[in-house]
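Novice: Could you have a look at this structure, given as structure tokens, before my questions?
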Amino acid sequence: MEEYRKNLRDKKRIVVKIGSSSLVHEETGKLNLTKVEKLVRVLSDLHNSGKDVVLVSSGAIAVGANSLGIHGKPESIPKKQACASIGQAKLMMTYQKLFSEYNQITSQVLITKMTILNDLSRTNAYNTFTELFTYGAIPVVNENDTVSTYEIEFGDNDRLSAIVAAVIKADLLILLSDIDGLYTDDPNNNKDAKFIEFVPKITDELLSMGKSSSKSSVGTGGMSSKIAAAGIATDAGADMVIANGADVSIINDIVEGKDVGTLFIAHKNEKFNLIDMIS
Ligand code: GLU
């Protein structure tokens, strides 16, 4: 186990996913700028240490809704899409500003399910990411919520980040959550729930343990989407860590090999086919 943690120090291409509930103030729904600023600083430094870094950031719908004075999640699909259109631009403006303060180049990559399902688009996406890494950019990825109705209804950025990790051949995926990691049951309802530090393999028992609910008023994914993401990422050859994003410096702890969050070990499956996992 310690050996596996140590291996995290040598990861070269890292995808970090942060959810809407971790990016906005619970009380007001407005962006938590202190947190976003710290996230950008930590990722910039990770990049400065020689890693390829990708940020998968939610928040488009939440930020857009907030600027329109809508409380909670917008109800209709067109409303969600309009909010995403407004919010994504606003979110990106904030990321651009903060990353440039740390002398980093950032870019926006919006993905739909079709990007991944279509062989040509997926190859193009891979080539673009590769080029962006060559230029030293830190891509900021989200679903293209404004045009992809299907994704809004069924998609979540846990799965998206695992798909991105698979496409770009990342060796580590970090999912920042509002919980410390995986438990045997929901610790909010069951005080006997035990924390799981290490998952060598994703079993059926584990899959049935994930609960699909998300208690957040802005987020989408629950534990089941995180376990599904782990299935994709580990099959594709990336280790994955679920950790509490309350303090984003936990990213440093993870890449220093400290014992934080739940670590899922990569077990590259030669028969792995991304299309089968998502279609
Ligand atoms: N793509 C959505 C957004 O940016 C969020 C999806 C999710 O919460 O996983 O608002």
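Every chain in the structure tokens has a letter given in the order shown (A, B, ...), and although residue numbers restart at 1 in each chain, ligands are simply numbered from 1 in the order shown.
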As a list in words, which residues of segment 94-166 of chain A does DSSP assign to strand (DSSP E)?

Specialist: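 Strand (DSSP E) assignments inside segment 94-166 of chain A correspond to Ile105, Thr106, Ser107, Gln108, Val109, Leu110, Ile111, Ala137, Ile138, Pro139, Val140, Val141, Asn142 and Glu143 of chain A.
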
Novice: Identify, on the basis of only C-alpha atoms, every residue whose closest approach to segment 165-173 of chain A does not exceed 9 Å; exclude the query and any residue fewer than 2 positions from it along the same chain; express the result as a ChimeraX atom specification.

Specialist: /A:8,11-17,52,54,116,122-123,125-127,129-130,160-163,175,230,232-242,266,274

Novice: Could you check how far atom CA of Asn244 of chain A sits from atom CA of Thr112 of chain A, in Å to one decimal?

Specialist: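 According to the coordinates, atom CA of Asn244 of chain A and atom CA of Thr112 of chain A are separated by 27.1 Å.
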
Novice: What's the separation between atom CA of Ser100 of chain A and atom CA of Asn142 of chain A, in Å to one decimal place?

Specialist: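 Distance reported for this atom pair: 19.6 Å.
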
Novice: Taking only C-alpha atoms and all ligand atoms into account, name the residue in A:Phe195, A:Asp204, A:Gln96, A:Ala229 that is nearest to ligand 1.

Specialist: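 Answer, going by the shortest atom-to-atom distance: A:Ala229.
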
Novice: From a DSSP pass on the backbone, collect the residues of segment 68-220 of chain A flagged as helix (DSSP H, G or I) and hand them back as a ChimeraX atom specification.

Specialist: /A:77-101,113-117,119-134,149-154,157-167,204-209

Novice: Considering only C-alpha atoms, return as a ChimeraX atom specification whatever protein or nucleic-acid residues lie within 9 Å of segment 251-262 of chain A, sequence-local ones (same chain, fewer than 5 positions apart) excluded.

Specialist: /A:2-11,16,39,42-43,46,174,176,179-183,195-199,240-245

Novice: Excluding Ala65 of chain A and its own-chain neighbours fewer than 5 positions away, which residues fall within 12 Å of it when counting only C-alpha atoms? Please give them as an NGL selection string.

Specialist: :A and (20 or 24 or 28-31 or 59-60 or 70-75 or 79-88 or 90 or 218)

Novice: From the options A:Gln104, A:Gly222, A:Lys191, A:Met1, which residue's atoms come nearest to ligand 1, counting only C-alpha atoms and all ligand atoms?

Specialist: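 Looking at the shortest contact to ligand 1, the residue is A:Gly222.
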
Novice: For the atom pair atom CA of Asp156 of chain A and atom CA of Ser21 of chain A, what is the interatomic distance in Å to one decimal place?

Specialist: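 Computing the Euclidean distance for atom CA of Asp156 of chain A and atom CA of Ser21 of chain A yields 12.9 Å.
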
Novice: Hey, which of A:Ser44, A:Arg159, A:Ile77, A:Met209 ends up closest to Met277 of chain A? Count only C-alpha atoms.

Specialist: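 Comparing A:Ser44, A:Arg159, A:Ile77, A:Met209 against Met277 of chain A, the winner is A:Arg159.
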
Novice: With only C-alpha atoms as the counted atoms, please give the residues lying no more than 8 Å from Lys194 of chain A, apart from itself and same-chain residues fewer than 6 positions off, as a PDB file with all heavy atoms, in the first residue's frame.

Specialist:
```pdb
ATOM      1  N   TYR A 183     -16.497   5.366   1.597  1.00  0.00           N
ATOM      2  CA  TYR A 183     -16.853   4.702   2.856  1.00  0.00           C
ATOM      3  C   TYR A 183     -17.676   3.457   2.554  1.00  0.00           C
ATOM      4  O   TYR A 183     -18.271   3.352   1.468  1.00  0.00           O
ATOM      5  CB  TYR A 183     -17.706   5.634   3.733  1.00  0.00           C
ATOM      6  CG  TYR A 183     -16.930   6.750   4.385  1.00  0.00           C
ATOM      7  CD1 TYR A 183     -16.647   7.913   3.684  1.00  0.00           C
ATOM      8  CD2 TYR A 183     -16.486   6.636   5.701  1.00  0.00           C
ATOM      9  CE1 TYR A 183     -15.931   8.951   4.278  1.00  0.00           C
ATOM     10  CE2 TYR A 183     -15.770   7.670   6.294  1.00  0.00           C
ATOM     11  CZ  TYR A 183     -15.504   8.818   5.588  1.00  0.00           C
ATOM     12  OH  TYR A 183     -14.796   9.824   6.182  1.00  0.00           O
ATOM     13  N   THR A 184     -17.766   2.555   3.531  1.00  0.00           N
ATOM     14  CA  THR A 184     -18.568   1.344   3.333  1.00  0.00           C
ATOM     15  C   THR A 184     -20.056   1.685   3.244  1.00  0.00           C
ATOM     16  O   THR A 184     -20.848   0.913   2.731  1.00  0.00           O
ATOM     17  CB  THR A 184     -18.343   0.338   4.480  1.00  0.00           C
ATOM     18  OG1 THR A 184     -18.523   1.051   5.715  1.00  0.00           O
ATOM     19  CG2 THR A 184     -16.950  -0.267   4.426  1.00  0.00           C
ATOM     20  N   ASP A 185     -20.435   2.843   3.787  1.00  0.00           N
ATOM     21  CA  ASP A 185     -21.826   3.316   3.696  1.00  0.00           C
ATOM     22  C   ASP A 185     -21.785   4.843   3.802  1.00  0.00           C
ATOM     23  O   ASP A 185     -20.719   5.415   4.043  1.00  0.00           O
ATOM     24  CB  ASP A 185     -22.653   2.698   4.835  1.00  0.00           C
ATOM     25  CG  ASP A 185     -24.154   2.804   4.559  1.00  0.00           C
ATOM     26  OD1 ASP A 185     -24.547   3.320   3.487  1.00  0.00           O
ATOM     27  OD2 ASP A 185     -24.949   2.395   5.431  1.00  0.00           O
ATOM     28  N   PRO A 187     -21.528   8.013   5.435  1.00  0.00           N
ATOM     29  CA  PRO A 187     -21.172   8.367   6.823  1.00  0.00           C
ATOM     30  C   PRO A 187     -22.104   9.415   7.432  1.00  0.00           C
ATOM     31  O   PRO A 187     -22.161   9.560   8.651  1.00  0.00           O
ATOM     32  CB  PRO A 187     -19.743   8.903   6.703  1.00  0.00           C
ATOM     33  CG  PRO A 187     -19.575   9.279   5.277  1.00  0.00           C
ATOM     34  CD  PRO A 187     -20.503   8.434   4.471  1.00  0.00           C
TER      35      PRO A 187
END
```
